[in-house]
>>> print(open('data-v2.cif').read())   # mmCIF, C-alpha atoms
data_protein
#
loop_
_atom_site.group_PDB
_atom_site.id
_atom_site.type_symbol
_atom_site.label_atom_id
_atom_site.label_comp_id
_atom_site.auth_asym_id
_atom_site.auth_seq_id
_atom_site.Cartn_x
_atom_site.Cartn_y
_atom_site.Cartn_z
ATOM 1 C CA MET A 1 11.518 5.188 10.102
ATOM 2 C CA ASP A 2 10.098 5.374 13.610
ATOM 3 C CA ARG A 3 6.456 4.455 12.985
ATOM 4 C CA ILE A 4 4.636 1.962 10.777
ATOM 5 C CA PRO A 5 1.893 3.891 8.949
ATOM 6 C CA ILE A 6 -1.730 2.881 9.485
ATOM 7 C CA LEU A 7 -3.896 3.517 6.432
ATOM 8 C CA ARG A 8 -7.603 4.080 6.862
ATOM 9 C CA MET A 9 -9.824 2.637 4.137
ATOM 10 C CA GLY A 10 -13.495 3.120 4.896
ATOM 11 C CA GLN A 11 -14.235 1.105 8.021
ATOM 12 C CA PHE A 12 -10.986 -0.856 7.795
ATOM 13 C CA LEU A 13 -7.404 -0.125 8.778
ATOM 14 C CA LEU A 14 -4.521 -1.438 6.695
ATOM 15 C CA VAL A 15 -0.982 -1.998 7.912
ATOM 16 C CA THR A 16 1.811 -3.426 5.793
ATOM 17 C CA ILE A 17 4.812 -4.699 7.689
ATOM 18 C CA GLN A 18 7.956 -4.246 5.620
ATOM 19 C CA VAL A 19 10.644 -3.894 8.247
ATOM 20 C CA ASP A 20 11.821 -6.124 11.045
ATOM 21 C CA LEU A 21 9.528 -5.544 14.007
ATOM 22 C CA TYR A 22 12.090 -4.940 16.718
ATOM 23 C CA ASP A 23 10.668 -4.563 20.193
ATOM 24 C CA ARG A 24 9.974 -0.848 20.381
ATOM 25 C CA LEU A 25 8.506 -0.600 16.863
ATOM 26 C CA ALA A 26 6.178 -3.535 17.500
ATOM 27 C CA LEU A 27 4.906 -2.134 20.803
ATOM 28 C CA ASP A 28 4.366 1.267 19.157
ATOM 29 C CA LEU A 29 2.405 -0.393 16.348
ATOM 30 C CA GLU A 30 0.258 -2.249 18.878
ATOM 31 C CA ALA A 31 -0.509 0.970 20.777
ATOM 32 C CA ASP A 32 -1.079 3.028 17.605
ATOM 33 C CA LEU A 33 -3.452 0.431 16.163
ATOM 34 C CA VAL A 34 -5.571 0.122 19.279
ATOM 35 C CA LYS A 35 -5.735 3.909 19.581
ATOM 36 C CA THR A 36 -6.710 4.275 15.925
ATOM 37 C CA VAL A 37 -9.451 1.638 16.255
ATOM 38 C CA SER A 38 -10.789 3.509 19.249
ATOM 39 C CA THR A 39 -10.751 6.974 17.630
ATOM 40 C CA THR A 40 -11.989 5.975 14.165
ATOM 41 C CA GLY A 41 -14.437 3.247 15.186
ATOM 42 C CA ALA A 42 -12.877 0.946 12.584
ATOM 43 C CA LYS A 43 -14.516 -2.478 12.302
ATOM 44 C CA GLY A 44 -11.539 -4.400 10.935
ATOM 45 C CA ILE A 45 -7.756 -4.456 10.764
ATOM 46 C CA LEU A 46 -5.790 -5.920 7.858
ATOM 47 C CA ILE A 47 -2.150 -6.724 8.554
ATOM 48 C CA ASP A 48 -0.177 -7.519 5.410
ATOM 49 C CA ILE A 49 2.941 -9.568 6.158
ATOM 50 C CA SER A 50 3.795 -10.580 2.579
ATOM 51 C CA ALA A 51 7.202 -8.895 2.903
ATOM 52 C CA VAL A 52 7.990 -10.708 6.153
ATOM 53 C CA SER A 53 10.173 -13.753 5.571
ATOM 54 C CA ILE A 54 11.389 -14.346 9.119
ATOM 55 C CA VAL A 55 9.155 -14.387 12.176
ATOM 56 C CA ASP A 56 10.074 -14.857 15.817
ATOM 57 C CA SER A 57 8.033 -15.606 18.914
ATOM 58 C CA PHE A 58 7.914 -11.902 19.871
ATOM 59 C CA MET A 59 6.378 -10.857 16.570
ATOM 60 C CA GLY A 60 3.958 -13.778 16.685
ATOM 61 C CA ARG A 61 2.844 -12.718 20.144
ATOM 62 C CA ILE A 62 2.436 -9.072 19.125
ATOM 63 C CA ILE A 63 0.162 -10.037 16.222
ATOM 64 C CA GLY A 64 -1.867 -12.263 18.528
ATOM 65 C CA ASN A 65 -2.133 -9.419 21.051
ATOM 66 C CA ILE A 66 -3.349 -6.982 18.396
ATOM 67 C CA GLY A 67 -6.065 -9.484 17.490
ATOM 68 C CA VAL A 68 -7.275 -9.864 21.058
ATOM 69 C CA MET A 69 -7.089 -6.140 21.882
ATOM 70 C CA SER A 70 -8.972 -5.051 18.761
ATOM 71 C CA LYS A 71 -11.577 -7.746 19.414
ATOM 72 C CA LEU A 72 -12.220 -6.057 22.773
ATOM 73 C CA LEU A 73 -12.874 -2.860 20.801
ATOM 74 C CA ASP A 74 -15.244 -4.743 18.467
ATOM 75 C CA ALA A 75 -12.872 -4.939 15.494
ATOM 76 C CA GLU A 76 -11.739 -8.113 13.726
ATOM 77 C CA THR A 77 -8.129 -8.693 12.681
ATOM 78 C CA VAL A 78 -7.089 -10.458 9.486
ATOM 79 C CA VAL A 79 -3.469 -11.301 8.712
ATOM 80 C CA VAL A 80 -2.880 -11.526 4.959
ATOM 81 C CA GLY A 81 -0.097 -12.571 2.605
ATOM 82 C CA MET A 82 1.709 -14.953 4.927
ATOM 83 C CA GLN A 83 4.617 -16.742 3.278
ATOM 84 C CA PRO A 84 4.568 -20.553 3.630
ATOM 85 C CA ALA A 85 7.855 -20.521 5.558
ATOM 86 C CA VAL A 86 6.340 -18.116 8.088
ATOM 87 C CA ALA A 87 3.329 -20.397 8.591
ATOM 88 C CA ILE A 88 5.693 -23.313 9.229
ATOM 89 C CA THR A 89 7.753 -21.298 11.715
ATOM 90 C CA LEU A 90 4.671 -20.048 13.605
ATOM 91 C CA VAL A 91 3.372 -23.565 14.108
ATOM 92 C CA GLU A 92 6.811 -24.843 15.106
ATOM 93 C CA LEU A 93 7.041 -22.018 17.651
ATOM 94 C CA GLY A 94 3.663 -23.066 19.039
ATOM 95 C CA LEU A 95 2.030 -19.766 17.974
ATOM 96 C CA PRO A 96 -0.994 -20.602 15.818
ATOM 97 C CA LEU A 97 -2.192 -16.921 15.973
ATOM 98 C CA LYS A 98 -5.356 -17.478 17.959
ATOM 99 C CA GLY A 99 -7.855 -14.626 17.760
ATOM 100 C CA VAL A 100 -6.853 -13.472 14.287
ATOM 101 C CA TYR A 101 -8.193 -14.624 10.949
ATOM 102 C CA THR A 102 -5.929 -15.204 7.981
ATOM 103 C CA ALA A 103 -6.433 -14.771 4.240
ATOM 104 C CA LEU A 104 -4.259 -15.267 1.184
ATOM 105 C CA ASN A 105 -4.177 -11.627 0.078
ATOM 106 C CA VAL A 106 -5.627 -8.193 0.864
ATOM 107 C CA GLU A 107 -8.638 -8.604 -1.416
ATOM 108 C CA LYS A 108 -9.650 -11.906 0.170
ATOM 109 C CA GLY A 109 -8.977 -10.439 3.609
ATOM 110 C CA MET A 110 -11.343 -7.542 2.873
ATOM 111 C CA ASP A 111 -14.029 -9.914 1.638
ATOM 112 C CA LEU A 112 -13.643 -11.922 4.838
ATOM 113 C CA LEU A 113 -13.927 -8.798 6.999
ATOM 114 C CA ARG A 114 -17.047 -7.656 5.132
ATOM 115 C CA LEU A 115 -18.613 -11.076 5.656
ATOM 116 C CA LYS A 116 -17.760 -11.018 9.365
ATOM 117 C CA ILE A 117 -19.203 -7.550 9.870
ATOM 118 C CA GLN A 118 -22.322 -8.415 7.881
ATOM 119 C CA SER A 119 -22.887 -11.573 9.909
ATOM 120 C CA ASP A 120 -22.430 -9.614 13.156
ATOM 121 C CA HIS A 121 -25.085 -7.166 11.989
ATOM 122 C CA GLU A 122 -27.430 -9.986 11.100
ATOM 123 C CA ASP A 123 -26.875 -11.532 14.533
ATOM 124 C CA GLU A 124 -27.905 -8.226 16.080
ATOM 125 C CA ASP A 125 -30.975 -8.018 13.871
ATOM 126 C CA GLU A 126 -31.915 -11.509 14.971
ATOM 127 C CA GLU A 127 -31.794 -10.535 18.625
ATOM 128 C CA ILE A 128 -34.084 -7.567 18.010
ATOM 129 C CA ASP A 129 -36.526 -9.486 15.840
ATOM 130 C CA PRO A 130 -36.405 -13.183 16.839
ATOM 131 C CA GLU A 131 -39.640 -14.300 15.169
ATOM 132 C CA ASN A 132 -37.944 -14.161 11.774
ATOM 133 C CA GLY A 133 -37.471 -17.896 12.094
ATOM 134 C CA TYR A 134 -34.236 -18.348 10.150
ATOM 135 C CA ASN A 135 -30.842 -19.433 11.334
ATOM 136 C CA ASN A 136 -27.903 -17.349 10.291
ATOM 137 C CA ASN A 137 -25.441 -20.201 9.969
ATOM 138 C CA PHE A 138 -23.731 -19.618 6.631
ATOM 139 C CA ILE A 139 -20.538 -18.968 8.596
ATOM 140 C CA GLU A 140 -19.729 -21.832 10.933
ATOM 141 C CA MET B 1 13.756 -6.492 3.173
ATOM 142 C CA ASP B 2 14.581 -6.674 -0.522
ATOM 143 C CA ARG B 3 11.250 -5.757 -2.094
ATOM 144 C CA ILE B 4 8.482 -3.283 -1.332
ATOM 145 C CA PRO B 5 5.201 -5.231 -1.417
ATOM 146 C CA ILE B 6 2.557 -4.222 -3.942
ATOM 147 C CA LEU B 7 -0.969 -4.870 -2.705
ATOM 148 C CA ARG B 8 -3.739 -5.438 -5.191
ATOM 149 C CA MET B 9 -7.134 -4.022 -4.261
ATOM 150 C CA GLY B 10 -9.682 -4.519 -7.004
ATOM 151 C CA GLN B 11 -8.504 -2.488 -9.968
ATOM 152 C CA PHE B 12 -5.996 -0.513 -7.903
ATOM 153 C CA LEU B 13 -2.512 -1.229 -6.632
ATOM 154 C CA LEU B 14 -1.358 0.085 -3.281
ATOM 155 C CA VAL B 15 2.232 0.652 -2.239
ATOM 156 C CA THR B 16 3.303 2.089 1.098
ATOM 157 C CA ILE B 17 6.843 3.377 1.280
ATOM 158 C CA GLN B 18 8.219 2.927 4.787
ATOM 159 C CA VAL B 19 11.941 2.593 4.195
ATOM 160 C CA ASP B 20 14.508 4.823 2.589
ATOM 161 C CA LEU B 21 14.339 4.253 -1.153
ATOM 162 C CA TYR B 22 18.003 3.650 -1.901
ATOM 163 C CA ASP B 23 18.822 3.285 -5.587
ATOM 164 C CA ARG B 24 18.382 -0.438 -6.116
ATOM 165 C CA LEU B 25 15.162 -0.695 -4.091
ATOM 166 C CA ALA B 26 13.607 2.237 -5.966
ATOM 167 C CA LEU B 27 14.462 0.835 -9.393
ATOM 168 C CA ASP B 28 13.103 -2.563 -8.349
ATOM 169 C CA LEU B 29 9.875 -0.924 -7.175
ATOM 170 C CA GLU B 30 9.551 0.933 -10.492
ATOM 171 C CA ALA B 31 10.044 -2.283 -12.484
ATOM 172 C CA ASP B 32 7.748 -4.337 -10.215
ATOM 173 C CA LEU B 33 4.979 -1.751 -10.394
ATOM 174 C CA VAL B 34 5.040 -1.460 -14.174
ATOM 175 C CA LYS B 35 5.086 -5.244 -14.520
ATOM 176 C CA THR B 36 2.179 -5.608 -12.077
ATOM 177 C CA VAL B 37 0.117 -2.990 -13.925
ATOM 178 C CA SER B 38 0.747 -4.868 -17.147
ATOM 179 C CA THR B 39 -0.118 -8.326 -15.784
ATOM 180 C CA THR B 40 -3.143 -7.348 -13.681
ATOM 181 C CA GLY B 41 -4.557 -4.623 -15.912
ATOM 182 C CA ALA B 42 -4.780 -2.325 -12.906
ATOM 183 C CA LYS B 43 -6.289 1.099 -13.609
ATOM 184 C CA GLY B 44 -4.668 3.016 -10.785
ATOM 185 C CA ILE B 45 -1.660 3.104 -8.466
ATOM 186 C CA LEU B 46 -1.737 4.553 -4.953
ATOM 187 C CA ILE B 47 1.642 5.379 -3.422
ATOM 188 C CA ASP B 48 1.449 6.190 0.272
ATOM 189 C CA ILE B 49 4.424 8.231 1.455
ATOM 190 C CA SER B 50 3.061 9.247 4.860
ATOM 191 C CA ALA B 51 6.035 7.580 6.566
ATOM 192 C CA VAL B 52 8.545 9.394 4.368
ATOM 193 C CA SER B 53 9.997 12.442 6.096
ATOM 194 C CA ILE B 54 13.029 13.045 3.894
ATOM 195 C CA VAL B 55 12.958 13.092 0.103
ATOM 196 C CA ASP B 56 15.813 13.577 -2.349
ATOM 197 C CA SER B 57 15.900 14.305 -6.062
ATOM 198 C CA PHE B 58 16.359 10.626 -6.918
ATOM 199 C CA MET B 59 13.225 9.555 -5.087
ATOM 200 C CA GLY B 60 11.299 12.472 -6.584
ATOM 201 C CA ARG B 61 12.378 11.411 -10.051
ATOM 202 C CA ILE B 62 11.459 7.770 -9.442
ATOM 203 C CA ILE B 63 7.931 8.736 -8.384
ATOM 204 C CA GLY B 64 7.593 10.942 -11.437
ATOM 205 C CA ASN B 65 8.836 8.096 -13.650
ATOM 206 C CA ILE B 66 6.321 5.664 -12.171
ATOM 207 C CA GLY B 67 3.568 8.162 -12.998
ATOM 208 C CA VAL B 68 4.635 8.530 -16.620
ATOM 209 C CA MET B 69 5.263 4.814 -17.189
ATOM 210 C CA SER B 70 1.955 3.722 -15.710
ATOM 211 C CA LYS B 71 0.176 6.390 -17.741
ATOM 212 C CA LEU B 72 1.580 4.714 -20.869
ATOM 213 C CA LEU B 73 -0.063 1.510 -19.631
ATOM 214 C CA ASP B 74 -3.352 3.362 -19.074
ATOM 215 C CA ALA B 75 -3.126 3.557 -15.289
ATOM 216 C CA GLU B 76 -3.225 6.737 -13.183
ATOM 217 C CA THR B 77 -0.887 7.337 -10.252
ATOM 218 C CA VAL B 78 -1.872 9.099 -7.050
ATOM 219 C CA VAL B 79 0.639 9.962 -4.334
ATOM 220 C CA VAL B 80 -1.030 10.177 -0.918
ATOM 221 C CA GLY B 81 -0.116 11.222 2.603
ATOM 222 C CA MET B 82 2.693 13.616 1.743
ATOM 223 C CA GLN B 83 4.115 15.411 4.775
ATOM 224 C CA PRO B 84 4.269 19.216 4.469
ATOM 225 C CA ALA B 85 8.064 19.200 4.770
ATOM 226 C CA VAL B 86 8.288 16.797 1.827
ATOM 227 C CA ALA B 87 6.115 19.071 -0.321
ATOM 228 C CA ILE B 88 8.394 21.997 0.516
ATOM 229 C CA THR B 89 11.520 19.995 -0.331
ATOM 230 C CA LEU B 90 10.103 18.747 -3.637
ATOM 231 C CA VAL B 91 9.313 22.274 -4.803
ATOM 232 C CA GLU B 92 12.689 23.546 -3.648
ATOM 233 C CA LEU B 93 14.352 20.727 -5.590
ATOM 234 C CA GLY B 94 12.378 21.782 -8.665
ATOM 235 C CA LEU B 95 10.446 18.477 -8.742
ATOM 236 C CA PRO B 96 6.715 19.276 -8.698
ATOM 237 C CA LEU B 97 5.849 15.612 -9.519
ATOM 238 C CA LYS B 98 4.394 16.146 -12.963
ATOM 239 C CA GLY B 99 2.264 13.297 -14.247
ATOM 240 C CA VAL B 100 1.076 12.138 -10.842
ATOM 241 C CA TYR B 101 -1.953 13.271 -8.888
ATOM 242 C CA THR B 102 -1.815 13.835 -5.153
ATOM 243 C CA ALA B 103 -4.381 13.408 -2.399
ATOM 244 C CA LEU B 104 -4.381 13.907 1.348
ATOM 245 C CA ASN B 105 -4.920 10.265 2.315
ATOM 246 C CA VAL B 106 -5.626 6.835 0.842
ATOM 247 C CA GLU B 107 -9.403 7.211 0.977
ATOM 248 C CA LYS B 108 -9.346 10.510 -0.901
ATOM 249 C CA GLY B 109 -6.810 9.072 -3.336
ATOM 250 C CA MET B 110 -9.145 6.152 -4.079
ATOM 251 C CA ASP B 111 -12.071 8.494 -4.617
ATOM 252 C CA LEU B 112 -9.927 10.529 -7.023
ATOM 253 C CA LEU B 113 -8.898 7.405 -8.953
ATOM 254 C CA ARG B 114 -12.507 6.234 -9.194
ATOM 255 C CA LEU B 115 -13.522 9.640 -10.534
ATOM 256 C CA LYS B 116 -10.699 9.609 -13.100
ATOM 257 C CA ILE B 117 -11.567 6.110 -14.319
ATOM 258 C CA GLN B 118 -15.262 6.946 -14.465
ATOM 259 C CA SER B 119 -14.585 10.084 -16.463
ATOM 260 C CA ASP B 120 -12.336 8.124 -18.856
ATOM 261 C CA HIS B 121 -15.146 5.645 -19.410
ATOM 262 C CA GLU B 122 -17.630 8.395 -20.043
ATOM 263 C CA ASP B 123 -15.244 9.956 -22.552
ATOM 264 C CA GLU B 124 -15.122 6.621 -24.354
ATOM 265 C CA ASP B 125 -18.897 6.307 -24.307
ATOM 266 C CA GLU B 126 -19.108 9.772 -25.742
ATOM 267 C CA GLU B 127 -16.877 8.821 -28.636
ATOM 268 C CA ILE B 128 -19.050 5.818 -29.441
ATOM 269 C CA ASP B 129 -22.323 7.666 -29.016
ATOM 270 C CA PRO B 130 -21.695 11.364 -29.783
ATOM 271 C CA GLU B 131 -25.338 12.428 -30.239
ATOM 272 C CA ASN B 132 -25.847 12.258 -26.475
ATOM 273 C CA GLY B 133 -25.360 16.004 -26.455
ATOM 274 C CA TYR B 134 -23.831 16.525 -23.037
ATOM 275 C CA ASN B 135 -20.419 17.725 -22.079
ATOM 276 C CA ASN B 136 -18.565 15.719 -19.530
ATOM 277 C CA ASN B 137 -16.755 18.577 -17.877
ATOM 278 C CA PHE B 138 -17.289 18.016 -14.179
ATOM 279 C CA ILE B 139 -13.553 17.457 -13.909
ATOM 280 C CA GLU B 140 -11.679 20.476 -15.221
#
>>> encode(input="data-v2.cif", output="structure tokens")
Amino acid sequence: MDRIPILRMGQFLLVTIQVDLYDRLALDLEADLVKTVSTTGAKGILIDISAVSIVDSFMGRIIGNIGVMSKLLDAETVVVGMQPAVAITLVELGLPLKGVYTALNVEKGMDLLRLKIQSDHEDEDEEIDPENGYNNNFIE
Amino acid sequence: MDRIPILRMGQFLLVTIQVDLYDRLALDLEADLVKTVSTTGAKGILIDISAVSIVDSFMGRIIGNIGVMSKLLDAETVVVGMQPAVAITLVELGLPLKGVYTALNVEKGMDLLRLKIQSDHEDEDEEIDPENGYNNNFIE
């Protein structure tokens, strides 16, 4: 397999990582994802890593990069399904995945993305109409 | 990787096939899927094969089996993202994937599943309340 498929679901993109992300495959995924966000105008990316049992610093950095790049294109990234051992390894490697959100599974990840997008919209509304007089602080 | 992850999304299950389905992996996927349908009560299965460029008779039979088994557990199966070459090969192998529906991509597959489930529900309603007097024939 030479490409990891990117599935479009409404305004979200879903990627499940099932194979070892060797260098070329990971860089291709990064480029494909950013291109797909740009062409589809997707508002969120879900990366499912439930099948990943071993993670190295390269893969950790790639996931972090995807988060930062998609943020520049106004899309949030949520990593879902992380195995406990992977969480331990990431912290021990000093890669706490800054710039990406995490959730336990795809459903919770989608809920999180919807909440994020909604709160962004409400922030925009607030700028347009400031005399509403309420503070949109239900998310930290 | 020893297992293909099954993602739960509401009442649907999503599987993306990215690796060659050698015998053991395919049988494990079949068993896992049927078990997951049974435990979660899922109403539909989406199998994305957009990354599959080569298909053999074994894989064709496994997909067909998944369709029939899940049907017995009251869940529909939709295969999405099939490459044209795969469609040609399946027909040439004499495996037209009976028992499973197909759709162009995940979004269309989800719409199809929703329609199927809705129409099933309406059929049930009709049985309970037959004097409604309408025929639910918007799907052939």
>>> resolve_selection(input="data-v2.cif", expression="the PyMOL selection byres ((chain B) within 8 of (chain A))", output="PDB file with C-alpha atoms, keeping the file's coordinate frame")
ATOM      1  CA  MET B   1      13.756  -6.492   3.173  1.00  0.00           C
ATOM      2  CA  ARG B   3      11.250  -5.757  -2.094  1.00  0.00           C
ATOM      3  CA  ILE B   4       8.482  -3.283  -1.332  1.00  0.00           C
ATOM      4  CA  PRO B   5       5.201  -5.231  -1.417  1.00  0.00           C
ATOM      5  CA  LEU B   7      -0.969  -4.870  -2.705  1.00  0.00           C
ATOM      6  CA  ARG B   8      -3.739  -5.438  -5.191  1.00  0.00           C
ATOM      7  CA  MET B   9      -7.134  -4.022  -4.261  1.00  0.00           C
ATOM      8  CA  GLY B  10      -9.682  -4.519  -7.004  1.00  0.00           C
ATOM      9  CA  THR B  16       3.303   2.089   1.098  1.00  0.00           C
ATOM     10  CA  GLN B  18       8.219   2.927   4.787  1.00  0.00           C
ATOM     11  CA  VAL B  19      11.941   2.593   4.195  1.00  0.00           C
ATOM     12  CA  SER B  50       3.061   9.247   4.860  1.00  0.00           C
ATOM     13  CA  ALA B  51       6.035   7.580   6.566  1.00  0.00           C
ATOM     14  CA  VAL B  52       8.545   9.394   4.368  1.00  0.00           C
ATOM     15  CA  ASN B 105      -4.920  10.265   2.315  1.00  0.00           C
ATOM     16  CA  VAL B 106      -5.626   6.835   0.842  1.00  0.00           C
ATOM     17  CA  GLU B 107      -9.403   7.211   0.977  1.00  0.00           C
TER      18      GLU B 107
END
>>> calpha_fit_and_write(input="data-v2.cif", fixed="chain B", moving="chain A", output="short mmCIF file (atom, residue, chain, number, x, y, z; two decimals) with C-alpha atoms, in the frame of the given file")
data_model
loop_
_atom_site.label_atom_id
_atom_site.label_comp_id
_atom_site.auth_asym_id
_atom_site.auth_seq_id
_atom_site.Cartn_x
_atom_site.Cartn_y
_atom_site.Cartn_z
CA MET A 1 13.83 -6.44 3.18
CA ASP A 2 14.68 -6.63 -0.51
CA ARG A 3 11.33 -5.74 -2.09
CA ILE A 4 8.56 -3.27 -1.33
CA PRO A 5 5.28 -5.22 -1.40
CA ILE A 6 2.61 -4.24 -3.92
CA LEU A 7 -0.91 -4.90 -2.66
CA ARG A 8 -3.70 -5.49 -5.13
CA MET A 9 -7.09 -4.07 -4.18
CA GLY A 10 -9.66 -4.58 -6.90
CA GLN A 11 -8.49 -2.57 -9.89
CA PHE A 12 -5.98 -0.58 -7.85
CA LEU A 13 -2.47 -1.28 -6.60
CA LEU A 14 -1.31 0.05 -3.24
CA VAL A 15 2.28 0.64 -2.21
CA THR A 16 3.34 2.09 1.12
CA ILE A 17 6.88 3.39 1.29
CA GLN A 18 8.27 2.95 4.78
CA VAL A 19 11.98 2.63 4.17
CA ASP A 20 14.53 4.88 2.55
CA LEU A 21 14.36 4.29 -1.19
CA TYR A 22 18.01 3.71 -1.94
CA ASP A 23 18.84 3.33 -5.60
CA ARG A 24 18.41 -0.39 -6.15
CA LEU A 25 15.19 -0.66 -4.10
CA ALA A 26 13.63 2.26 -5.97
CA LEU A 27 14.49 0.86 -9.40
CA ASP A 28 13.13 -2.55 -8.35
CA LEU A 29 9.90 -0.91 -7.18
CA GLU A 30 9.58 0.93 -10.49
CA ALA A 31 10.06 -2.29 -12.48
CA ASP A 32 7.80 -4.36 -10.20
CA LEU A 33 5.00 -1.79 -10.38
CA VAL A 34 5.05 -1.48 -14.15
CA LYS A 35 5.12 -5.27 -14.48
CA THR A 36 2.23 -5.66 -12.05
CA VAL A 37 0.15 -3.04 -13.89
CA SER A 38 0.79 -4.91 -17.11
CA THR A 39 -0.08 -8.38 -15.75
CA THR A 40 -3.09 -7.40 -13.63
CA GLY A 41 -4.53 -4.69 -15.87
CA ALA A 42 -4.77 -2.38 -12.85
CA LYS A 43 -6.30 1.03 -13.57
CA GLY A 44 -4.66 2.97 -10.75
CA ILE A 45 -1.66 3.05 -8.44
CA LEU A 46 -1.72 4.53 -4.93
CA ILE A 47 1.65 5.36 -3.42
CA ASP A 48 1.46 6.16 0.29
CA ILE A 49 4.43 8.24 1.46
CA SER A 50 3.07 9.25 4.88
CA ALA A 51 6.06 7.59 6.57
CA VAL A 52 8.55 9.42 4.35
CA SER A 53 9.98 12.48 6.07
CA ILE A 54 13.01 13.09 3.86
CA VAL A 55 12.93 13.12 0.08
CA ASP A 56 15.77 13.61 -2.38
CA SER A 57 15.86 14.35 -6.09
CA PHE A 58 16.34 10.65 -6.93
CA MET A 59 13.20 9.58 -5.11
CA GLY A 60 11.26 12.48 -6.60
CA ARG A 61 12.34 11.42 -10.07
CA ILE A 62 11.45 7.77 -9.46
CA ILE A 63 7.92 8.71 -8.38
CA GLY A 64 7.56 10.93 -11.44
CA ASN A 65 8.81 8.09 -13.66
CA ILE A 66 6.31 5.63 -12.17
CA GLY A 67 3.54 8.11 -12.99
CA VAL A 68 4.60 8.49 -16.61
CA MET A 69 5.25 4.77 -17.17
CA SER A 70 1.93 3.66 -15.69
CA LYS A 71 0.15 6.34 -17.72
CA LEU A 72 1.56 4.65 -20.84
CA LEU A 73 -0.08 1.44 -19.59
CA ASP A 74 -3.38 3.30 -19.04
CA ALA A 75 -3.14 3.51 -15.25
CA GLU A 76 -3.25 6.69 -13.16
CA THR A 77 -0.90 7.29 -10.23
CA VAL A 78 -1.89 9.06 -7.02
CA VAL A 79 0.63 9.93 -4.32
CA VAL A 80 -1.05 10.15 -0.90
CA GLY A 81 -0.12 11.21 2.62
CA MET A 82 2.67 13.61 1.75
CA GLN A 83 4.09 15.42 4.76
CA PRO A 84 4.22 19.23 4.43
CA ALA A 85 8.02 19.23 4.74
CA VAL A 86 8.25 16.82 1.80
CA ALA A 87 6.05 19.08 -0.34
CA ILE A 88 8.33 22.01 0.49
CA THR A 89 11.46 20.02 -0.37
CA LEU A 90 10.03 18.75 -3.68
CA VAL A 91 9.23 22.26 -4.84
CA GLU A 92 12.61 23.57 -3.69
CA LEU A 93 14.28 20.75 -5.64
CA GLY A 94 12.30 21.77 -8.72
CA LEU A 95 10.37 18.46 -8.77
CA PRO A 96 6.65 19.27 -8.74
CA LEU A 97 5.79 15.58 -9.55
CA LYS A 98 4.33 16.11 -12.99
CA GLY A 99 2.19 13.24 -14.25
CA VAL A 100 1.03 12.09 -10.83
CA TYR A 101 -1.99 13.22 -8.86
CA THR A 102 -1.84 13.81 -5.14
CA ALA A 103 -4.39 13.36 -2.36
CA LEU A 104 -4.37 13.87 1.39
CA ASN A 105 -4.91 10.22 2.35
CA VAL A 106 -5.62 6.78 0.89
CA GLU A 107 -9.39 7.16 1.03
CA LYS A 108 -9.34 10.46 -0.86
CA GLY A 109 -6.81 9.01 -3.29
CA MET A 110 -9.14 6.09 -4.04
CA ASP A 111 -12.07 8.44 -4.57
CA LEU A 112 -9.94 10.46 -6.97
CA LEU A 113 -8.91 7.34 -8.90
CA ARG A 114 -12.52 6.17 -9.16
CA LEU A 115 -13.53 9.57 -10.49
CA LYS A 116 -10.71 9.53 -13.04
CA ILE A 117 -11.57 6.05 -14.27
CA GLN A 118 -15.27 6.89 -14.43
CA SER A 119 -14.60 10.05 -16.43
CA ASP A 120 -12.35 8.10 -18.82
CA HIS A 121 -15.17 5.63 -19.38
CA GLU A 122 -17.63 8.43 -20.00
CA ASP A 123 -15.22 9.99 -22.50
CA GLU A 124 -15.15 6.68 -24.35
CA ASP A 125 -18.93 6.44 -24.30
CA GLU A 126 -19.10 9.93 -25.75
CA GLU A 127 -16.89 8.96 -28.67
CA ILE A 128 -19.10 5.98 -29.47
CA ASP A 129 -22.36 7.87 -29.10
CA PRO A 130 -21.72 11.57 -29.86
CA GLU A 131 -25.33 12.66 -30.35
CA ASN A 132 -25.89 12.52 -26.59
CA GLY A 133 -25.35 16.26 -26.59
CA TYR A 134 -23.82 16.73 -23.15
CA ASN A 135 -20.36 17.85 -22.17
CA ASN A 136 -18.54 15.79 -19.63
CA ASN A 137 -16.73 18.66 -17.96
CA PHE A 138 -17.24 18.08 -14.24
CA ILE A 139 -13.49 17.46 -14.02
CA GLU A 140 -11.51 20.33 -15.48
#
>>> atom_distance(input="data-v2.cif", atom1="atom CA of B:Met69", atom2="atom CA of B:Ile88")
24.9 Å
>>> atom_distance(input="data-v2.cif", atom1="atom CA of B:Leu33", atom2="atom CA of A:Tyr101")
28.2 Å
>>> closest_residue(input="data-v2.cif", among="A:Val37, A:Val55, A:Ile45, A:Ile62", to="A:Arg24", atoms="all atoms listed in the file")
A:Ile62
>>> resolve_selection(input="data-v2.cif", expression="the PyMOL selection byres ((chain A and resi 42) around 10)", output="count of residues only")
21
>>> closest_residue(input="data-v2.cif", among="B:Leu104, B:Leu115, B:Ile47, B:Ile66", to="B:Glu30", atoms="all atoms listed in the file")
B:Ile66
>>> atom_distance(input="data-v2.cif", atom1="atom CA of B:Met82", atom2="atom CA of B:Val100")
12.8 Å
>>> residues_around(input="data-v2.cif", residues="B:Lys98", least_positions_apart="6", cutoff="10 Å", atoms="only C-alpha atoms", output="list in words")
Arg61, Ile63, Gly64, Asn65, Gly67 and Val68 of chain B
>>> closest_residue(input="data-v2.cif", among="A:Leu97, A:Val91, A:Val80, A:Leu72", to="A:Gly60", atoms="only C-alpha atoms")
A:Leu97
>>> residues_around(input="data-v2.cif", residues="B:Asp56", least_positions_apart="2", cutoff="9 Å", atoms="all atoms listed in the file", output="PyMOL selection string")
chain B and resi 54+58-61+89-90+93
>>> axis_aligned_box(input="data-v2.cif", around="stretch 19-35 of chain A", padding_each_side="4 Å", output="JSON")
{"center_x": 3.2, "center_y": -1.1, "center_z": 14.5, "size_x": 25.8, "size_y": 18.0, "size_z": 20.6}
